[in-house]
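Next up, my_file_27.txt (compact mmCIF, C-alpha atoms):
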```txt
# COMPACT_ATOMS: atom_id res chain seq x y z
CA ALA K 1 -30.85 -39.95 1.47
CA PHE K 2 -31.62 -42.40 -1.34
CA ARG K 3 -32.66 -45.34 0.85
CA SER K 4 -36.03 -45.64 -0.94
CA SER K 5 -37.97 -44.18 -3.84
CA LEU K 6 -39.96 -42.05 -1.39
CA ALA K 7 -36.75 -40.66 0.14
CA THR K 8 -35.35 -39.93 -3.32
CA LYS K 9 -38.50 -38.02 -4.26
CA GLY K 10 -38.13 -36.07 -1.03
CA VAL K 11 -34.59 -35.05 -2.01
CA VAL K 12 -35.82 -33.79 -5.39
CA LYS K 13 -38.71 -31.84 -3.80
CA ILE K 14 -36.33 -30.00 -1.49
CA ALA K 15 -33.70 -29.43 -4.18
CA VAL K 16 -36.12 -27.86 -6.70
CA PRO K 17 -36.90 -24.57 -4.84
CA LEU K 18 -33.28 -24.40 -3.68
CA LEU K 19 -31.97 -24.61 -7.24
CA ILE K 20 -34.53 -22.13 -8.63
CA SER K 21 -33.81 -19.50 -5.98
CA SER K 22 -30.05 -20.05 -6.48
CA LEU K 23 -30.48 -19.22 -10.16
CA GLY K 24 -32.19 -15.98 -9.18
CA ILE K 25 -29.39 -15.02 -6.81
CA VAL K 26 -26.70 -15.72 -9.43
CA LEU K 27 -27.84 -12.84 -11.63
CA ALA K 28 -27.55 -10.35 -8.78
CA PHE K 29 -24.23 -11.75 -7.52
CA LYS K 30 -22.75 -11.62 -11.03
CA MET K 31 -23.50 -7.91 -10.94
CA LYS K 32 -21.98 -7.74 -7.42
CA PHE K 33 -25.36 -6.71 -6.04
CA TRP K 34 -25.50 -8.69 -2.80
CA ASN K 35 -29.07 -9.95 -2.80
CA ILE K 36 -29.68 -11.52 0.63
CA GLY K 37 -33.43 -11.19 0.12
CA ALA K 38 -34.25 -14.37 -1.78
CA GLU K 39 -36.22 -15.59 1.24
CA GLY K 40 -38.58 -12.60 1.04
CA GLN K 41 -38.81 -12.81 -2.74
CA ILE K 42 -39.80 -16.49 -2.49
CA ILE K 43 -42.48 -15.54 0.03
CA MET K 44 -43.88 -12.73 -2.12
CA GLY K 45 -44.02 -15.00 -5.16
CA ALA K 46 -45.91 -17.53 -3.04
CA ILE K 47 -48.32 -14.86 -1.76
CA PHE K 48 -49.16 -13.56 -5.24
CA ALA K 49 -49.62 -17.09 -6.59
CA THR K 50 -51.70 -18.20 -3.60
CA TYR K 51 -54.18 -15.39 -4.16
CA PHE K 52 -55.22 -16.90 -7.49
CA GLY K 53 -54.99 -20.48 -6.20
CA VAL K 54 -57.34 -19.78 -3.29
CA PHE K 55 -59.75 -17.14 -4.59
CA HIS K 56 -59.86 -18.20 -8.25
CA GLY K 57 -59.39 -21.93 -7.84
CA ASP K 58 -62.42 -22.64 -10.03
CA TRP K 59 -60.66 -21.35 -13.15
CA PRO K 60 -59.62 -24.01 -15.72
CA LYS K 61 -56.21 -25.51 -14.95
CA ALA K 62 -54.84 -24.45 -18.36
CA VAL K 63 -55.58 -20.83 -17.44
CA LEU K 64 -54.98 -20.86 -13.69
CA LEU K 65 -51.47 -22.34 -13.63
CA PRO K 66 -49.98 -19.87 -16.17
CA VAL K 67 -51.61 -17.01 -14.26
CA MET K 68 -50.08 -18.30 -11.02
CA PHE K 69 -46.68 -18.54 -12.72
CA LEU K 70 -46.96 -14.93 -13.85
CA ALA K 71 -48.18 -13.85 -10.41
CA GLY K 72 -45.20 -15.50 -8.75
CA ILE K 73 -42.84 -13.82 -11.19
CA VAL K 74 -44.40 -10.38 -10.64
CA GLY K 75 -44.53 -10.75 -6.84
CA GLY K 76 -40.89 -11.77 -6.50
CA GLY K 77 -39.75 -9.32 -9.17
CA LEU K 78 -41.34 -6.32 -7.51
CA TRP K 79 -39.89 -7.30 -4.14
CA GLY K 80 -36.45 -7.56 -5.75
CA ALA K 81 -36.81 -4.22 -7.51
CA ILE K 82 -37.44 -2.31 -4.25
CA PRO K 83 -33.85 -2.52 -2.92
CA ALA K 84 -32.52 -1.92 -6.44
CA PHE K 85 -34.51 1.33 -6.66
CA PHE K 86 -33.20 2.59 -3.32
CA LYS K 87 -29.66 1.52 -4.23
CA THR K 88 -29.67 3.39 -7.53
CA ARG K 89 -31.56 6.43 -6.23
CA PHE K 90 -30.16 6.92 -2.73
CA GLY K 91 -27.10 4.65 -2.56
CA THR K 92 -28.49 2.49 0.25
CA ASN K 93 -26.79 -0.71 1.39
CA GLU K 94 -28.45 -3.54 -0.56
CA THR K 95 -27.32 -6.23 1.89
CA LEU K 96 -29.18 -4.68 4.81
CA LEU K 97 -32.22 -3.64 2.81
CA THR K 98 -32.76 -7.01 1.13
CA LEU K 99 -32.27 -8.75 4.49
CA MET K 100 -34.85 -6.55 6.26
CA LEU K 101 -37.38 -7.02 3.47
CA ASN K 102 -37.35 -10.75 4.29
CA TYR K 103 -38.99 -10.05 7.63
CA ILE K 104 -41.57 -7.70 6.16
CA ALA K 105 -42.62 -10.42 3.72
CA LEU K 106 -42.74 -13.00 6.51
CA TYR K 107 -44.96 -10.87 8.73
CA LEU K 108 -47.18 -10.09 5.74
CA ILE K 109 -48.04 -13.81 5.62
CA MET K 110 -48.90 -13.71 9.32
CA PHE K 111 -51.11 -10.67 8.76
CA LEU K 112 -52.97 -12.38 5.92
CA ARG K 113 -53.33 -15.60 7.91
CA GLU K 114 -54.76 -13.82 10.94
CA GLY K 115 -56.89 -11.37 8.97
CA PRO K 116 -58.22 -11.06 5.40
CA TRP K 117 -57.16 -14.51 4.12
CA ARG K 118 -58.07 -16.51 7.23
CA ASP K 119 -59.82 -19.76 6.34
CA PRO K 120 -63.41 -19.37 7.61
CA SER K 121 -63.87 -23.15 7.68
CA ASN K 122 -61.22 -23.49 10.39
CA MET K 123 -61.76 -20.81 13.01
CA ALA K 124 -60.10 -22.79 15.82
CA PHE K 125 -56.66 -22.59 14.24
CA PRO K 126 -55.77 -19.59 12.03
CA GLN K 127 -54.56 -20.63 8.60
CA ILE K 128 -54.91 -19.75 4.92
CA ALA K 129 -57.12 -22.08 2.90
CA THR K 130 -55.60 -24.85 0.79
CA ILE K 131 -55.41 -24.16 -2.94
CA GLY K 132 -57.77 -26.05 -5.24
CA GLU K 133 -56.96 -29.02 -7.45
CA ASN K 134 -56.76 -26.87 -10.58
CA ALA K 135 -54.01 -24.79 -8.97
CA ARG K 136 -51.72 -27.77 -8.35
CA LEU K 137 -48.81 -28.84 -10.54
CA GLY K 138 -49.06 -32.29 -12.07
CA GLU K 139 -46.53 -35.02 -11.34
CA VAL K 140 -43.84 -36.27 -13.73
CA PHE K 141 -42.07 -39.50 -12.69
CA GLY K 142 -43.67 -39.28 -9.28
CA VAL K 143 -42.48 -35.74 -8.49
CA HIS K 144 -44.26 -32.46 -9.19
CA ALA K 145 -43.36 -30.80 -12.50
CA GLY K 146 -41.36 -28.09 -10.72
CA TRP K 147 -38.16 -30.05 -11.41
CA ILE K 148 -38.74 -29.54 -15.15
CA VAL K 149 -39.17 -25.80 -14.53
CA ALA K 150 -35.89 -25.78 -12.60
CA LEU K 151 -33.92 -27.53 -15.34
CA VAL K 152 -35.36 -25.27 -18.04
CA LEU K 153 -34.36 -22.24 -15.96
CA VAL K 154 -30.81 -23.58 -15.63
CA VAL K 155 -30.44 -23.48 -19.42
CA LEU K 156 -32.19 -20.12 -19.79
CA VAL K 157 -30.11 -18.41 -17.11
CA PHE K 158 -26.88 -19.83 -18.55
CA VAL K 159 -27.74 -18.59 -22.06
CA TYR K 160 -28.94 -15.22 -20.71
CA MET K 161 -25.71 -14.63 -18.78
CA LYS K 162 -23.28 -15.89 -21.42
CA TYR K 163 -24.78 -15.14 -24.84
CA THR K 164 -27.02 -12.07 -24.53
CA LYS K 165 -26.38 -8.35 -24.46
CA HIS K 166 -28.04 -8.08 -21.06
CA GLY K 167 -25.73 -10.78 -19.68
CA TYR K 168 -22.70 -8.91 -20.99
CA GLU K 169 -23.93 -5.70 -19.36
CA ILE K 170 -24.36 -7.52 -16.04
CA SER K 171 -20.74 -8.71 -16.23
CA VAL K 172 -19.42 -5.23 -17.05
CA VAL K 173 -21.39 -3.58 -14.24
CA GLY K 174 -20.14 -6.26 -11.87
CA GLU K 175 -16.52 -5.60 -12.84
CA SER K 176 -16.72 -1.80 -12.72
CA GLN K 177 -19.68 0.55 -12.77
CA ASN K 178 -17.43 3.40 -13.93
CA THR K 179 -16.31 1.34 -16.92
CA ALA K 180 -19.94 0.55 -17.71
CA ARG K 181 -20.84 4.25 -17.61
CA TYR K 182 -17.83 5.12 -19.79
CA ALA K 183 -19.07 2.54 -22.32
CA GLY K 184 -22.43 4.32 -22.43
CA MET K 185 -24.41 1.84 -20.33
CA ASN K 186 -27.28 2.98 -18.15
CA VAL K 187 -26.15 1.41 -14.86
CA SER K 188 -29.31 2.26 -12.92
CA LYS K 189 -31.50 0.66 -15.57
CA ILE K 190 -29.32 -2.47 -15.66
CA VAL K 191 -29.41 -2.82 -11.86
CA LEU K 192 -33.20 -2.38 -11.72
CA ARG K 193 -33.80 -4.80 -14.60
CA THR K 194 -31.45 -7.45 -13.26
CA MET K 195 -32.84 -7.30 -9.73
CA PHE K 196 -36.39 -7.59 -11.05
CA ILE K 197 -35.39 -10.73 -12.96
CA SER K 198 -33.48 -12.04 -9.94
CA GLY K 199 -36.48 -11.55 -7.67
CA ALA K 200 -38.84 -12.92 -10.33
CA ILE K 201 -36.96 -16.23 -10.48
CA CYS K 202 -36.98 -16.47 -6.69
CA GLY K 203 -40.71 -15.67 -6.74
CA LEU K 204 -41.17 -18.54 -9.17
CA ALA K 205 -39.63 -20.82 -6.54
CA GLY K 206 -42.33 -19.67 -4.12
CA MET K 207 -45.06 -20.42 -6.65
CA VAL K 208 -43.63 -23.91 -7.24
CA GLN K 209 -43.55 -24.54 -3.50
CA VAL K 210 -47.21 -23.63 -3.07
CA SER K 211 -48.48 -25.27 -6.24
CA GLY K 212 -46.31 -28.39 -6.20
CA ASN K 213 -45.40 -29.14 -2.63
CA THR K 214 -47.29 -27.58 0.31
CA TYR K 215 -50.60 -26.55 -1.39
CA ASN K 216 -50.90 -24.02 1.40
CA LEU K 217 -49.32 -20.67 2.27
CA SER K 218 -47.68 -20.61 5.70
CA ASP K 219 -44.86 -18.69 7.36
CA GLY K 220 -42.57 -21.67 6.72
CA ILE K 221 -43.08 -21.61 2.95
CA ALA K 222 -39.48 -20.50 2.27
CA GLY K 223 -37.98 -22.60 5.05
CA GLY K 224 -34.53 -20.99 4.90
CA VAL K 225 -34.12 -21.93 1.23
CA GLY K 226 -33.28 -18.32 0.31
CA PHE K 227 -30.27 -18.29 2.63
CA THR K 228 -29.03 -21.75 1.63
CA ALA K 229 -29.27 -20.63 -2.01
CA ILE K 230 -26.45 -18.16 -1.32
CA ILE K 231 -24.16 -21.08 -0.44
CA VAL K 232 -25.23 -22.94 -3.60
CA ALA K 233 -24.48 -19.93 -5.82
CA TRP K 234 -21.13 -19.35 -4.13
CA LEU K 235 -19.94 -22.96 -4.24
CA GLY K 236 -21.18 -23.29 -7.82
CA LYS K 237 -18.94 -20.37 -8.88
CA LEU K 238 -22.05 -18.66 -10.28
CA ASN K 239 -22.27 -21.38 -12.95
CA PRO K 240 -25.90 -22.56 -13.37
CA PHE K 241 -24.91 -26.09 -14.43
CA ALA K 242 -22.49 -26.53 -11.53
CA MET K 243 -25.20 -25.29 -9.17
CA VAL K 244 -27.44 -28.23 -10.11
CA PHE K 245 -24.92 -30.61 -8.55
CA VAL K 246 -24.20 -28.34 -5.57
CA ALA K 247 -27.92 -27.98 -4.76
CA PHE K 248 -28.45 -31.74 -4.83
CA PHE K 249 -25.24 -32.28 -2.86
CA LEU K 250 -26.41 -29.95 -0.05
CA VAL K 251 -29.85 -31.58 0.10
CA PHE K 252 -28.21 -35.02 -0.01
CA MET K 253 -26.05 -34.05 2.98
CA GLU K 254 -29.00 -32.60 4.89
CA LYS K 255 -31.22 -35.66 4.36
CA GLY K 256 -28.37 -38.12 4.95
CA ALA K 257 -27.22 -36.38 8.13
CA GLY K 258 -30.83 -36.32 9.34
CA GLN K 259 -31.06 -40.08 8.79
CA ILE K 260 -27.81 -40.58 10.73
CA ALA K 261 -29.16 -38.52 13.63
CA THR K 262 -32.39 -40.54 13.68
CA GLN K 263 -30.65 -43.90 13.37
CA PHE K 264 -28.23 -43.24 16.23
CA ASN K 265 -30.80 -41.42 18.37
CA LEU K 266 -28.88 -38.14 18.32
CA ASN K 267 -30.14 -34.65 19.08
CA GLU K 268 -32.34 -33.15 16.34
CA ASN K 269 -29.69 -30.47 15.71
CA ALA K 270 -26.94 -33.04 15.06
CA SER K 271 -27.68 -33.11 11.32
CA ASP K 272 -27.18 -29.34 11.06
CA ILE K 273 -23.89 -29.65 12.97
CA ILE K 274 -22.64 -32.40 10.63
CA THR K 275 -23.63 -30.40 7.54
CA GLY K 276 -22.08 -27.23 8.96
CA ILE K 277 -18.75 -28.93 9.69
CA ILE K 278 -18.57 -30.29 6.13
CA LEU K 279 -19.33 -26.85 4.69
CA PHE K 280 -16.63 -25.26 6.85
CA PHE K 281 -14.08 -27.66 5.38
CA ILE K 282 -15.30 -26.94 1.85
CA LEU K 283 -14.99 -23.17 2.40
CA GLY K 284 -11.56 -23.67 3.99
CA CYS K 285 -10.49 -25.61 0.90
CA GLU K 286 -11.69 -22.72 -1.28
CA PHE K 287 -9.48 -20.34 0.69
CA PHE K 288 -6.32 -22.38 0.12
CA ILE K 289 -7.17 -22.80 -3.58
CA HIS K 290 -7.28 -19.05 -4.14
CA TYR K 291 -4.65 -17.88 -1.63
CA GLN K 292 -1.17 -19.04 -0.71
CA VAL K 293 0.07 -18.71 2.86
CA GLU K 294 3.67 -17.54 3.10
CA LEU K 295 5.68 -17.26 6.31
CA ARG K 296 7.88 -14.17 6.07
CA LYS K 297 10.76 -13.14 8.32
CA ARG K 298 10.71 -9.81 10.05
CA GLU K 299 12.21 -6.94 8.12
CA LYS K 300 15.20 -6.66 10.49
CA GLU K 301 16.06 -10.32 10.21
CA ALA K 302 15.69 -10.13 6.44
CA ALA K 303 17.99 -7.08 6.34
CA LYS K 304 20.71 -8.86 8.36
CA ALA K 305 20.55 -11.82 6.05
```

Would you mind writing the structure in this file as structure tokens?
Amino acid sequence: AFRSSLATKGVVKIAVPLLISSLGIVLAFKMKFWNIGAEGQIIMGAIFATYFGVFHGDWPKAVLLPVMFLAGIVGGGLWGAIPAFFKTRFGTNETLLTLMLNYIALYLIMFLREGPWRDPSNMAFPQIATIGENARLGEVFGVHAGWIVALVLVVLVFVYMKYTKHGYEISVVGESQNTARYAGMNVSKIVLRTMFISGAICGLAGMVQVSGNTYNLSDGIAGGVGFTAIIVAWLGKLNPFAMVFVAFFLVFMEKGAGQIATQFNLNENASDIITGIILFFILGCEFFIHYQVELRKREKEAAKA
């Protein structure tokens, strides 16, 4: 994974959106709101940001990039607030709703690519136009500046969760909604606010992907990052600083296993199998850390004894 400077930069580029979306998921998971929709929230953030990058690419960079950041935040935040609204209003299952919204967001990209946003300069192959130079993130140490955004967010999310009133409310709601109501907290408002922020951070990951990595909106813009982010949040124990190492560890495994598969001429799916086996062992270890297996005699045998 770190065989060359180019490979190392590739690891960082993959880890950045993974870490950012993991930070978004943490807020929802801390509240025990099972947000499985990071994939769709990443996509919506990318869509909102791409609109300005493609159709307003002639704006000055100092204006365009902040607008794209805000657009990504709004796009992801609104997509995250939808399941929160239905959960608080109608008691719907957030796991199913957030999961299904992923596919709506994905097919929205396909609709835009085939229809209103189709690049007129390439009619042979339907695609959305590439964003302009002013819409692209600059590089710092050879990698786009998204890694700085990710590290800043790590600190902000940690402080927000641990040292603010909102973070305390998230913890209380996660422990018991009845306790939160008894303490005078507006649970519906907290759920809506937290899910908007959760989706907004994931949407920011989509903006960073478009502006710093792909420069183009396609149906592979999220690339499964939203689902992998769940593993990062879980293994990181919902600790933003621990998640930095977990995110890089998962990308390190993925890139390293891919190199092994290439070097030994294995099937293209071999790297996923290797990574999956390692994760199974990690999760198995977690089980034995938290639970103790005891072999008990049957009640009759115990009574005779």

**Request:** For stretch 255-268 of chain K, work out the shell of residues within 12 Å, counting all atoms listed in the file and skipping chain neighbours fewer than 6 positions away, then give it as a PyMOL selection string.
**Result:** chain K and resi 1-3+7-15+248-249+274-278

Any chance you could export the current selection's C-alpha atoms as an mmCIF file, keeping the file's coordinate frame?
```cif
data_model
loop_
_atom_site.group_PDB
_atom_site.id
_atom_site.type_symbol
_atom_site.label_atom_id
_atom_site.label_comp_id
_atom_site.auth_asym_id
_atom_site.auth_seq_id
_atom_site.Cartn_x
_atom_site.Cartn_y
_atom_site.Cartn_z
ATOM 1 C CA ALA K 1 -30.850 -39.950 1.470
ATOM 2 C CA PHE K 2 -31.620 -42.400 -1.340
ATOM 3 C CA ARG K 3 -32.660 -45.340 0.850
ATOM 4 C CA ALA K 7 -36.750 -40.660 0.140
ATOM 5 C CA THR K 8 -35.350 -39.930 -3.320
ATOM 6 C CA LYS K 9 -38.500 -38.020 -4.260
ATOM 7 C CA GLY K 10 -38.130 -36.070 -1.030
ATOM 8 C CA VAL K 11 -34.590 -35.050 -2.010
ATOM 9 C CA VAL K 12 -35.820 -33.790 -5.390
ATOM 10 C CA LYS K 13 -38.710 -31.840 -3.800
ATOM 11 C CA ILE K 14 -36.330 -30.000 -1.490
ATOM 12 C CA ALA K 15 -33.700 -29.430 -4.180
ATOM 13 C CA PHE K 248 -28.450 -31.740 -4.830
ATOM 14 C CA PHE K 249 -25.240 -32.280 -2.860
ATOM 15 C CA ILE K 274 -22.640 -32.400 10.630
ATOM 16 C CA THR K 275 -23.630 -30.400 7.540
ATOM 17 C CA GLY K 276 -22.080 -27.230 8.960
ATOM 18 C CA ILE K 277 -18.750 -28.930 9.690
ATOM 19 C CA ILE K 278 -18.570 -30.290 6.130
#
```

**Request:** Could you tell me how far atom CA of K:Tyr51 lies from atom CA of K:Leu217, in Å and to one decimal?
**Result:**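 One can read the atom CA of K:Tyr51 to atom CA of K:Leu217 distance as 9.6 Å.
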
**Request:** Please indicate the distance in Å from atom CA of K:Val293 to atom CA of K:Trp234, rounded to one decimal place.
**Result:**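 We find that atom CA of K:Val293 and atom CA of K:Trp234 lie 22.3 Å from each other.
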
**Within 10 Å of file point (-22.7, -1.8, -14.4), counting only C-alpha atoms, expressed as a ChimeraX atom specification** = /K:31-32,168-181,183,185-191

**Pick from K:Val67, K:Ala270, K:Leu192, K:Leu204, whichever lies nearest to K:Lys87 using all atoms listed in the file** =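 With all atoms listed in the file as the atom set, the closest residue is K:Leu192.
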
Selection: 6 Å around stretch 133-149 of chain K, only C-alpha atoms, excl. self and same-chain fewer than 6 positions, as a CSV table (one decimal) with C-alpha atoms, in the frame of the given file:
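Final output, saved to selection39.csv:
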```
chain,number,residue,atom,x,y,z
K,16,VAL,CA,-36.1,-27.9,-6.7
K,53,GLY,CA,-55.0,-20.5,-6.2
K,61,LYS,CA,-56.2,-25.5,-15.0
K,65,LEU,CA,-51.5,-22.3,-13.6
K,208,VAL,CA,-43.6,-23.9,-7.2
K,211,SER,CA,-48.5,-25.3,-6.2
K,212,GLY,CA,-46.3,-28.4,-6.2
```

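Residue nearest K:Pro116 within the list K:Phe55, K:Phe69, K:Phe33, K:Phe281: K:Phe55 [criterion: smallest interatomic distance, only C-alpha atoms].
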
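One finds atom CA of K:Asp58 at 27.9 Å from atom CA of K:Ile20.
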
My structure is short of atoms at stretch 267-281 of chain K; please model N, CA and C atoms there, returning them as a compact mmCIF listing (two decimals), keeping the file's coordinate frame.
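New file part12.txt:
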```txt
# COMPACT_ATOMS: atom_id res chain seq x y z
N ASN K 267 -29.34 -35.87 18.97
CA ASN K 267 -30.14 -34.65 19.08
C ASN K 267 -30.61 -34.20 17.70
N GLU K 268 -31.78 -33.56 17.64
CA GLU K 268 -32.34 -33.15 16.34
C GLU K 268 -31.45 -32.14 15.61
N ASN K 269 -30.58 -31.45 16.34
CA ASN K 269 -29.69 -30.47 15.71
C ASN K 269 -28.39 -31.09 15.21
N ALA K 270 -28.20 -32.39 15.46
CA ALA K 270 -26.94 -33.04 15.06
C ALA K 270 -26.74 -32.99 13.55
N SER K 271 -27.82 -33.13 12.78
CA SER K 271 -27.68 -33.11 11.32
C SER K 271 -27.18 -31.76 10.82
N ASP K 272 -27.66 -30.67 11.45
CA ASP K 272 -27.18 -29.34 11.06
C ASP K 272 -25.71 -29.16 11.41
N ILE K 273 -25.29 -29.74 12.56
CA ILE K 273 -23.89 -29.65 12.97
C ILE K 273 -23.00 -30.39 11.98
N ILE K 274 -23.42 -31.61 11.59
CA ILE K 274 -22.64 -32.40 10.63
C ILE K 274 -22.51 -31.65 9.31
N THR K 275 -23.64 -31.14 8.80
CA THR K 275 -23.63 -30.40 7.54
C THR K 275 -22.76 -29.16 7.64
N GLY K 276 -22.87 -28.45 8.76
CA GLY K 276 -22.08 -27.23 8.96
C GLY K 276 -20.59 -27.50 8.97
N ILE K 277 -20.17 -28.58 9.64
CA ILE K 277 -18.75 -28.93 9.69
C ILE K 277 -18.22 -29.21 8.29
N ILE K 278 -18.99 -29.97 7.50
CA ILE K 278 -18.57 -30.29 6.13
C ILE K 278 -18.43 -29.02 5.30
N LEU K 279 -19.39 -28.10 5.45
CA LEU K 279 -19.33 -26.85 4.69
C LEU K 279 -18.13 -25.99 5.10
N PHE K 280 -17.81 -26.00 6.40
CA PHE K 280 -16.63 -25.26 6.85
C PHE K 280 -15.37 -25.77 6.16
N PHE K 281 -15.25 -27.09 6.04
CA PHE K 281 -14.08 -27.66 5.38
C PHE K 281 -14.06 -27.31 3.89
```
